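The file my_file.cif comes next; it holds mmCIF, C-alpha atoms, pLDDT in the B column; chains and numbers go by the auth columns.
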data_my_file
loop_
_atom_site.group_PDB
_atom_site.id
_atom_site.type_symbol
_atom_site.label_atom_id
_atom_site.label_comp_id
_atom_site.label_asym_id
_atom_site.label_seq_id
_atom_site.Cartn_x
_atom_site.Cartn_y
_atom_site.Cartn_z
_atom_site.B_iso_or_equiv
_atom_site.auth_seq_id
_atom_site.auth_asym_id
ATOM 1 C CA MET A 1 16.260 -0.747 6.244 60.00 1 A
ATOM 2 C CA GLU A 2 13.758 -0.983 3.467 89.00 2 A
ATOM 3 C CA LEU A 3 10.963 1.413 2.643 91.00 3 A
ATOM 4 C CA LEU A 4 8.211 -0.771 4.078 92.00 4 A
ATOM 5 C CA GLY A 5 9.869 -0.830 7.501 94.00 5 A
ATOM 6 C CA GLY A 6 10.373 2.921 7.364 94.00 6 A
ATOM 7 C CA ILE A 7 6.725 3.517 6.521 95.00 7 A
ATOM 8 C CA GLN A 8 5.604 1.252 9.348 96.00 8 A
ATOM 9 C CA ARG A 9 7.837 3.062 11.850 96.00 9 A
ATOM 10 C CA VAL A 10 6.372 6.445 10.900 97.00 10 A
ATOM 11 C CA GLU A 11 2.824 5.050 11.070 96.00 11 A
ATOM 12 C CA HIS A 12 3.491 3.601 14.506 96.00 12 A
ATOM 13 C CA ALA A 13 5.137 6.785 15.790 96.00 13 A
ATOM 14 C CA ILE A 14 2.283 9.091 14.791 96.00 14 A
ATOM 15 C CA GLN A 15 -0.286 6.752 16.341 95.00 15 A
ATOM 16 C CA THR A 16 1.096 7.225 19.833 92.00 16 A
ATOM 17 C CA PRO A 17 -0.521 9.954 21.937 94.00 17 A
ATOM 18 C CA ALA A 18 0.715 13.376 20.838 91.00 18 A
ATOM 19 C CA GLY A 19 0.581 14.596 24.440 90.00 19 A
ATOM 20 C CA ASP A 20 3.393 12.231 25.385 92.00 20 A
ATOM 21 C CA PRO A 21 6.654 14.216 25.682 92.00 21 A
ATOM 22 C CA ALA A 22 8.425 11.482 23.699 94.00 22 A
ATOM 23 C CA TRP A 23 5.995 11.805 20.765 94.00 23 A
ATOM 24 C CA ARG A 24 7.847 14.421 18.702 94.00 24 A
ATOM 25 C CA PRO A 25 11.303 12.824 19.192 95.00 25 A
ATOM 26 C CA ALA A 26 9.877 9.401 18.313 96.00 26 A
ATOM 27 C CA VAL A 27 8.263 10.747 15.137 96.00 27 A
ATOM 28 C CA SER A 28 11.492 12.561 14.252 96.00 28 A
ATOM 29 C CA GLN A 29 13.509 9.374 14.676 97.00 29 A
ATOM 30 C CA ALA A 30 11.058 7.361 12.570 97.00 30 A
ATOM 31 C CA VAL A 31 11.142 10.001 9.826 97.00 31 A
ATOM 32 C CA ALA A 32 14.956 10.002 9.879 97.00 32 A
ATOM 33 C CA GLN A 33 14.925 6.218 9.450 97.00 33 A
ATOM 34 C CA LEU A 34 12.469 6.450 6.562 97.00 34 A
ATOM 35 C CA LYS A 35 14.598 9.166 4.978 97.00 35 A
ATOM 36 C CA ALA A 36 17.685 6.911 5.185 97.00 36 A
ATOM 37 C CA ALA A 37 15.747 4.021 3.646 96.00 37 A
ATOM 38 C CA PHE A 38 14.449 6.270 0.886 97.00 38 A
ATOM 39 C CA ALA A 39 17.946 7.586 0.156 97.00 39 A
ATOM 40 C CA ALA A 40 19.155 3.982 -0.195 96.00 40 A
ATOM 41 C CA HIS A 41 16.216 3.261 -2.511 96.00 41 A
ATOM 42 C CA VAL A 42 17.096 6.225 -4.723 97.00 42 A
ATOM 43 C CA ARG A 43 20.763 5.142 -4.873 96.00 43 A
ATOM 44 C CA GLU A 44 19.715 1.613 -5.885 96.00 44 A
ATOM 45 C CA THR A 45 17.282 2.714 -8.568 96.00 45 A
ATOM 46 C CA GLU A 46 18.690 5.835 -10.221 95.00 46 A
ATOM 47 C CA GLY A 47 21.907 6.343 -12.146 89.00 47 A
ATOM 48 C CA PRO A 48 23.671 4.484 -14.934 91.00 48 A
ATOM 49 C CA SER A 49 23.972 1.232 -12.981 94.00 49 A
ATOM 50 C CA GLY A 50 20.679 1.492 -11.101 96.00 50 A
ATOM 51 C CA LEU A 51 17.609 -0.683 -11.369 96.00 51 A
ATOM 52 C CA TYR A 52 15.819 1.787 -13.643 97.00 52 A
ATOM 53 C CA ALA A 53 18.686 1.748 -16.173 96.00 53 A
ATOM 54 C CA GLY A 54 18.421 -2.040 -16.304 96.00 54 A
ATOM 55 C CA VAL A 55 14.676 -1.899 -16.850 97.00 55 A
ATOM 56 C CA LEU A 56 15.143 0.735 -19.552 96.00 56 A
ATOM 57 C CA GLY A 57 17.634 -1.525 -21.323 96.00 57 A
ATOM 58 C CA ASP A 58 15.334 -4.548 -21.082 95.00 58 A
ATOM 59 C CA ALA A 59 12.031 -2.793 -21.780 95.00 59 A
ATOM 60 C CA PRO A 60 12.580 0.609 -23.425 96.00 60 A
ATOM 61 C CA ARG A 61 8.821 0.939 -23.976 96.00 61 A
ATOM 62 C CA LEU A 62 8.541 1.720 -20.258 97.00 62 A
ATOM 63 C CA ALA A 63 10.747 4.829 -20.365 97.00 63 A
ATOM 64 C CA ARG A 64 7.867 7.184 -19.595 97.00 64 A
ATOM 65 C CA GLY A 65 6.931 5.179 -16.511 97.00 65 A
ATOM 66 C CA LEU A 66 10.544 5.099 -15.354 97.00 66 A
ATOM 67 C CA TYR A 67 10.828 8.860 -15.687 97.00 67 A
ATOM 68 C CA GLY A 68 7.631 9.117 -13.667 97.00 68 A
ATOM 69 C CA LEU A 69 9.238 7.056 -10.905 98.00 69 A
ATOM 70 C CA VAL A 70 12.214 9.427 -10.861 97.00 70 A
ATOM 71 C CA ASP A 71 9.750 12.332 -10.624 97.00 71 A
ATOM 72 C CA ASP A 72 8.104 10.519 -7.698 97.00 72 A
ATOM 73 C CA HIS A 73 11.438 10.656 -5.895 98.00 73 A
ATOM 74 C CA GLU A 74 11.316 14.459 -5.954 98.00 74 A
ATOM 75 C CA ILE A 75 7.747 14.443 -4.633 97.00 75 A
ATOM 76 C CA VAL A 76 8.721 12.139 -1.770 98.00 76 A
ATOM 77 C CA TRP A 77 11.786 14.268 -0.955 98.00 77 A
ATOM 78 C CA GLU A 78 9.529 17.338 -0.770 97.00 78 A
ATOM 79 C CA ALA A 79 7.130 15.522 1.554 97.00 79 A
ATOM 80 C CA LEU A 80 10.062 14.422 3.733 97.00 80 A
ATOM 81 C CA ASP A 81 11.441 17.959 3.868 96.00 81 A
ATOM 82 C CA ASP A 82 8.036 19.413 4.756 94.00 82 A
ATOM 83 C CA LEU A 83 7.548 16.908 7.552 96.00 83 A
ATOM 84 C CA GLU A 84 11.053 17.411 8.927 95.00 84 A
ATOM 85 C CA GLY A 85 10.547 21.169 8.843 94.00 85 A
ATOM 86 C CA HIS A 86 7.352 20.931 10.840 94.00 86 A
ATOM 87 C CA LEU A 87 8.912 18.518 13.304 92.00 87 A
ATOM 88 C CA GLY A 88 11.831 20.893 13.818 88.00 88 A
ATOM 89 C CA ALA A 89 9.525 23.821 14.443 81.00 89 A
ATOM 90 C CA GLY A 90 8.399 23.156 17.993 76.00 90 A
ATOM 91 C CA GLY A 91 5.275 25.303 17.709 79.00 91 A
ATOM 92 C CA VAL A 92 3.700 23.303 14.888 85.00 92 A
ATOM 93 C CA ARG A 93 0.625 21.469 16.122 92.00 93 A
ATOM 94 C CA PRO A 94 0.712 17.651 16.178 93.00 94 A
ATOM 95 C CA GLU A 95 -2.282 17.579 13.813 94.00 95 A
ATOM 96 C CA VAL A 96 -0.212 19.345 11.144 94.00 96 A
ATOM 97 C CA VAL A 97 2.671 16.934 11.683 95.00 97 A
ATOM 98 C CA CYS A 98 0.266 13.992 11.360 95.00 98 A
ATOM 99 C CA GLU A 99 -1.171 15.427 8.132 95.00 99 A
ATOM 100 C CA ASP A 100 2.361 15.801 6.748 95.00 100 A
ATOM 101 C CA ALA A 101 3.190 12.243 7.825 96.00 101 A
ATOM 102 C CA ALA A 102 0.029 10.902 6.186 96.00 102 A
ATOM 103 C CA ARG A 103 0.945 12.694 2.944 96.00 103 A
ATOM 104 C CA LEU A 104 4.460 11.279 3.076 97.00 104 A
ATOM 105 C CA ILE A 105 3.216 7.753 3.737 97.00 105 A
ATOM 106 C CA ARG A 106 0.709 8.039 0.886 96.00 106 A
ATOM 107 C CA GLU A 107 3.390 9.274 -1.533 96.00 107 A
ATOM 108 C CA VAL A 108 5.786 6.464 -0.636 96.00 108 A
ATOM 109 C CA TRP A 109 3.048 3.792 -0.867 95.00 109 A
ATOM 110 C CA GLN A 110 1.949 5.075 -4.262 96.00 110 A
ATOM 111 C CA HIS A 111 5.549 5.169 -5.489 97.00 111 A
ATOM 112 C CA ARG A 112 6.152 1.604 -4.321 95.00 112 A
ATOM 113 C CA GLN A 113 3.009 0.431 -6.083 96.00 113 A
ATOM 114 C CA ARG A 114 3.866 2.209 -9.335 97.00 114 A
ATOM 115 C CA GLY A 115 7.350 0.701 -9.199 96.00 115 A
ATOM 116 C CA ALA A 116 5.988 -2.792 -8.576 95.00 116 A
ATOM 117 C CA ASP A 117 3.516 -2.408 -11.428 96.00 117 A
ATOM 118 C CA LEU A 118 6.244 -1.216 -13.773 96.00 118 A
ATOM 119 C CA LEU A 119 8.569 -4.091 -12.864 96.00 119 A
ATOM 120 C CA HIS A 120 5.733 -6.537 -13.384 95.00 120 A
ATOM 121 C CA GLU A 121 5.036 -5.053 -16.779 94.00 121 A
ATOM 122 C CA ALA A 122 8.734 -5.156 -17.690 94.00 122 A
ATOM 123 C CA TYR A 123 9.430 -8.732 -16.667 92.00 123 A
ATOM 124 C CA GLU A 124 6.155 -10.602 -16.313 88.00 124 A
ATOM 125 C CA THR A 125 4.056 -9.290 -19.209 73.00 125 A
ATOM 126 C CA ASP A 126 4.624 -11.091 -22.483 66.00 126 A
ATOM 127 C CA LEU A 127 3.990 -8.706 -25.359 60.00 127 A
ATOM 128 C CA GLY A 128 5.558 -10.959 -27.930 62.00 128 A
ATOM 129 C CA GLY A 129 8.161 -9.704 -30.350 59.00 129 A
ATOM 130 C CA GLU A 130 10.618 -8.450 -27.701 53.00 130 A
ATOM 131 C CA THR A 131 13.834 -10.352 -27.370 51.00 131 A
#

Just give me the structure as structure tokens.
Amino acid sequence: MELLGGIQRVEHAIQTPAGDPAWRPAVSQAVAQLKAAFAAHVRETEGPSGLYAGVLGDAPRLARGLYGLVDDHEIVWEALDDLEGHLGAGGVRPEVVCEDAARLIREVWQHRQRGADLLHEAYETDLGGET
């Protein structure tokens, strides 16, 4: 599953009525799916053979942006952990869970956009002089 599908599942799950007994399990399942998709994303992008290493080799001028994307991963993991913690604590109000989910969705969207912008800059922007 890719990140976009994971985001959409979480969005859909939190939009169902919170009074429905299936609400919390549905949100938990959607978050677990997003977490799996995010873990796959991190595996594909980080490390010596990951996407970011390739970009760094092709466009070293973007190192700062790449390090920022790695930092984003930690922020998203924190948001995932916070949301999972509140979902696991049965007494946490649905409003709090929805706020956590909105934060998580926002962080993942922003990370995706920063990554897309960086890839565009690396491979679509002609600065001249780079070989």

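The closest residue to Thr125 (chain A), picked from A:Ala59, A:Arg93, A:Asp82, A:Arg106 and counting all atoms listed in the file, is A:Ala59.
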
- Point-to-point distance in Å for CA of Leu104 (chain A) and CA of Trp77 (chain A):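 Calculated distance between CA of Trp77 (chain A) and CA of Leu104 (chain A) is 8.9 Å.
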
- CA of Leu34 (chain A) to CA of Leu3 (chain A), distance in Å rounded to a single decimal: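 Taking CA of Leu34 (chain A) and CA of Leu3 (chain A), their separation equals 6.6 Å.
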
- Please provide as a VMD selection string all residues within 10 Å of Ala13 (chain A), with the sequence filter that same-chain residues fewer than 4 positions apart are discarded (counting all atoms listed in the file). chain A and resid 7 to 9 17 to 18 22 to 31 98 101

Spatial neighbours of Asp71 (chain A), max dist 12 Å, only C-alpha atoms, sep filter under 2 positions, as a tab-separated table (two decimals) with C-alpha atoms, in the frame of the given file:
chain	number	residue	atom	x	y	z
A	42	VAL	CA	17.10	6.22	-4.72
A	46	GLU	CA	18.69	5.84	-10.22
A	64	ARG	CA	7.87	7.18	-19.60
A	65	GLY	CA	6.93	5.18	-16.51
A	66	LEU	CA	10.54	5.10	-15.35
A	67	TYR	CA	10.83	8.86	-15.69
A	68	GLY	CA	7.63	9.12	-13.67
A	69	LEU	CA	9.24	7.06	-10.90
A	73	HIS	CA	11.44	10.66	-5.90
A	74	GLU	CA	11.32	14.46	-5.95
A	75	ILE	CA	7.75	14.44	-4.63
A	76	VAL	CA	8.72	12.14	-1.77
A	77	TRP	CA	11.79	14.27	-0.96
A	78	GLU	CA	9.53	17.34	-0.77
A	107	GLU	CA	3.39	9.27	-1.53
A	111	HIS	CA	5.55	5.17	-5.49
A	114	ARG	CA	3.87	2.21	-9.34
A	115	GLY	CA	7.35	0.70	-9.20

- Message: So, with all atoms listed in the file as the atoms that count, which of A:Leu119, A:Val10, A:Ala89, A:Val70 lies closest to Thr45 (chain A)?
- Response: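 Of all the options, A:Val70 lies closest to Thr45 (chain A).
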
- Message: Between CA of Val108 (chain A) and CA of His86 (chain A), what distance in Å does the model show, to one decimal?
- Response: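 One can read the CA of Val108 (chain A) to CA of His86 (chain A) distance as 18.5 Å.
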
Missing atoms in region 47-81 of chain A: can you complete it with N, CA and C atoms, as a PDB file, in the coordinates of the input?
ATOM      1  N   GLY A  47      20.523   6.347 -11.693  1.00 89.00           N
ATOM      2  CA  GLY A  47      21.907   6.343 -12.146  1.00 89.00           C
ATOM      3  C   GLY A  47      22.174   5.286 -13.203  1.00 89.00           C
ATOM      4  N   PRO A  48      23.351   5.353 -13.805  1.00 91.00           N
ATOM      5  CA  PRO A  48      23.671   4.484 -14.934  1.00 91.00           C
ATOM      6  C   PRO A  48      23.707   3.002 -14.591  1.00 91.00           C
ATOM      7  N   SER A  49      23.949   2.648 -13.339  1.00 94.00           N
ATOM      8  CA  SER A  49      23.972   1.232 -12.981  1.00 94.00           C
ATOM      9  C   SER A  49      22.804   0.856 -12.075  1.00 94.00           C
ATOM     10  N   GLY A  50      21.820   1.743 -11.966  1.00 96.00           N
ATOM     11  CA  GLY A  50      20.679   1.492 -11.101  1.00 96.00           C
ATOM     12  C   GLY A  50      19.642   0.584 -11.735  1.00 96.00           C
ATOM     13  N   LEU A  51      18.691   0.193 -10.931  1.00 96.00           N
ATOM     14  CA  LEU A  51      17.609  -0.683 -11.369  1.00 96.00           C
ATOM     15  C   LEU A  51      16.868  -0.113 -12.572  1.00 96.00           C
ATOM     16  N   TYR A  52      16.591   1.194 -12.552  1.00 97.00           N
ATOM     17  CA  TYR A  52      15.819   1.787 -13.643  1.00 97.00           C
ATOM     18  C   TYR A  52      16.577   1.715 -14.967  1.00 97.00           C
ATOM     19  N   ALA A  53      17.895   1.857 -14.940  1.00 96.00           N
ATOM     20  CA  ALA A  53      18.686   1.748 -16.173  1.00 96.00           C
ATOM     21  C   ALA A  53      18.573   0.331 -16.731  1.00 96.00           C
ATOM     22  N   GLY A  54      18.578  -0.655 -15.862  1.00 96.00           N
ATOM     23  CA  GLY A  54      18.421  -2.040 -16.304  1.00 96.00           C
ATOM     24  C   GLY A  54      17.065  -2.284 -16.930  1.00 96.00           C
ATOM     25  N   VAL A  55      16.022  -1.750 -16.297  1.00 97.00           N
ATOM     26  CA  VAL A  55      14.676  -1.899 -16.850  1.00 97.00           C
ATOM     27  C   VAL A  55      14.592  -1.193 -18.199  1.00 97.00           C
ATOM     28  N   LEU A  56      15.171  -0.013 -18.292  1.00 96.00           N
ATOM     29  CA  LEU A  56      15.143   0.735 -19.552  1.00 96.00           C
ATOM     30  C   LEU A  56      15.834  -0.052 -20.662  1.00 96.00           C
ATOM     31  N   GLY A  57      16.944  -0.705 -20.331  1.00 96.00           N
ATOM     32  CA  GLY A  57      17.634  -1.525 -21.323  1.00 96.00           C
ATOM     33  C   GLY A  57      16.833  -2.739 -21.740  1.00 96.00           C
ATOM     34  N   ASP A  58      16.112  -3.342 -20.797  1.00 95.00           N
ATOM     35  CA  ASP A  58      15.334  -4.548 -21.082  1.00 95.00           C
ATOM     36  C   ASP A  58      13.975  -4.243 -21.694  1.00 95.00           C
ATOM     37  N   ALA A  59      13.392  -3.126 -21.327  1.00 95.00           N
ATOM     38  CA  ALA A  59      12.031  -2.793 -21.780  1.00 95.00           C
ATOM     39  C   ALA A  59      11.943  -1.293 -22.056  1.00 95.00           C
ATOM     40  N   PRO A  60      12.556  -0.836 -23.148  1.00 96.00           N
ATOM     41  CA  PRO A  60      12.580   0.609 -23.425  1.00 96.00           C
ATOM     42  C   PRO A  60      11.190   1.229 -23.570  1.00 96.00           C
ATOM     43  N   ARG A  61      10.193   0.417 -23.841  1.00 96.00           N
ATOM     44  CA  ARG A  61       8.821   0.939 -23.976  1.00 96.00           C
ATOM     45  C   ARG A  61       8.311   1.552 -22.673  1.00 96.00           C
ATOM     46  N   LEU A  62       8.980   1.243 -21.567  1.00 97.00           N
ATOM     47  CA  LEU A  62       8.541   1.720 -20.258  1.00 97.00           C
ATOM     48  C   LEU A  62       9.268   2.985 -19.807  1.00 97.00           C
ATOM     49  N   ALA A  63       9.962   3.640 -20.719  1.00 97.00           N
ATOM     50  CA  ALA A  63      10.747   4.829 -20.365  1.00 97.00           C
ATOM     51  C   ALA A  63       9.895   5.886 -19.670  1.00 97.00           C
ATOM     52  N   ARG A  64       8.727   6.150 -20.194  1.00 97.00           N
ATOM     53  CA  ARG A  64       7.867   7.184 -19.595  1.00 97.00           C
ATOM     54  C   ARG A  64       7.543   6.849 -18.135  1.00 97.00           C
ATOM     55  N   GLY A  65       7.226   5.600 -17.881  1.00 97.00           N
ATOM     56  CA  GLY A  65       6.931   5.179 -16.511  1.00 97.00           C
ATOM     57  C   GLY A  65       8.134   5.296 -15.604  1.00 97.00           C
ATOM     58  N   LEU A  66       9.315   4.975 -16.136  1.00 97.00           N
ATOM     59  CA  LEU A  66      10.544   5.099 -15.354  1.00 97.00           C
ATOM     60  C   LEU A  66      10.829   6.552 -15.011  1.00 97.00           C
ATOM     61  N   TYR A  67      10.625   7.437 -15.972  1.00 97.00           N
ATOM     62  CA  TYR A  67      10.828   8.860 -15.687  1.00 97.00           C
ATOM     63  C   TYR A  67       9.826   9.344 -14.645  1.00 97.00           C
ATOM     64  N   GLY A  68       8.627   8.785 -14.688  1.00 97.00           N
ATOM     65  CA  GLY A  68       7.631   9.117 -13.667  1.00 97.00           C
ATOM     66  C   GLY A  68       8.072   8.677 -12.280  1.00 97.00           C
ATOM     67  N   LEU A  69       8.733   7.517 -12.201  1.00 98.00           N
ATOM     68  CA  LEU A  69       9.238   7.056 -10.905  1.00 98.00           C
ATOM     69  C   LEU A  69      10.330   7.975 -10.377  1.00 98.00           C
ATOM     70  N   VAL A  70      11.180   8.470 -11.278  1.00 97.00           N
ATOM     71  CA  VAL A  70      12.214   9.427 -10.861  1.00 97.00           C
ATOM     72  C   VAL A  70      11.541  10.717 -10.381  1.00 97.00           C
ATOM     73  N   ASP A  71      10.499  11.155 -11.074  1.00 97.00           N
ATOM     74  CA  ASP A  71       9.750  12.332 -10.624  1.00 97.00           C
ATOM     75  C   ASP A  71       9.134  12.098  -9.245  1.00 97.00           C
ATOM     76  N   ASP A  72       8.648  10.865  -9.015  1.00 97.00           N
ATOM     77  CA  ASP A  72       8.104  10.519  -7.698  1.00 97.00           C
ATOM     78  C   ASP A  72       9.135  10.758  -6.603  1.00 97.00           C
ATOM     79  N   HIS A  73      10.392  10.466  -6.911  1.00 98.00           N
ATOM     80  CA  HIS A  73      11.438  10.656  -5.895  1.00 98.00           C
ATOM     81  C   HIS A  73      11.465  12.101  -5.420  1.00 98.00           C
ATOM     82  N   GLU A  74      11.327  13.037  -6.341  1.00 98.00           N
ATOM     83  CA  GLU A  74      11.316  14.459  -5.954  1.00 98.00           C
ATOM     84  C   GLU A  74      10.105  14.775  -5.083  1.00 98.00           C
ATOM     85  N   ILE A  75       8.970  14.202  -5.416  1.00 97.00           N
ATOM     86  CA  ILE A  75       7.747  14.443  -4.633  1.00 97.00           C
ATOM     87  C   ILE A  75       7.918  13.907  -3.211  1.00 97.00           C
ATOM     88  N   VAL A  76       8.501  12.720  -3.096  1.00 98.00           N
ATOM     89  CA  VAL A  76       8.721  12.139  -1.770  1.00 98.00           C
ATOM     90  C   VAL A  76       9.735  12.969  -0.986  1.00 98.00           C
ATOM     91  N   TRP A  77      10.814  13.413  -1.650  1.00 98.00           N
ATOM     92  CA  TRP A  77      11.786  14.268  -0.955  1.00 98.00           C
ATOM     93  C   TRP A  77      11.116  15.528  -0.422  1.00 98.00           C
ATOM     94  N   GLU A  78      10.245  16.136  -1.224  1.00 97.00           N
ATOM     95  CA  GLU A  78       9.529  17.338  -0.770  1.00 97.00           C
ATOM     96  C   GLU A  78       8.671  17.034   0.451  1.00 97.00           C
ATOM     97  N   ALA A  79       7.971  15.906   0.422  1.00 97.00           N
ATOM     98  CA  ALA A  79       7.130  15.522   1.554  1.00 97.00           C
ATOM     99  C   ALA A  79       7.987  15.270   2.797  1.00 97.00           C
ATOM    100  N   LEU A  80       9.142  14.634   2.610  1.00 97.00           N
ATOM    101  CA  LEU A  80      10.062  14.422   3.733  1.00 97.00           C
ATOM    102  C   LEU A  80      10.552  15.752   4.298  1.00 97.00           C
ATOM    103  N   ASP A  81      10.946  16.649   3.422  1.00 96.00           N
ATOM    104  CA  ASP A  81      11.441  17.959   3.868  1.00 96.00           C
ATOM    105  C   ASP A  81      10.362  18.737   4.610  1.00 96.00           C
TER     106      ASP A  81
END
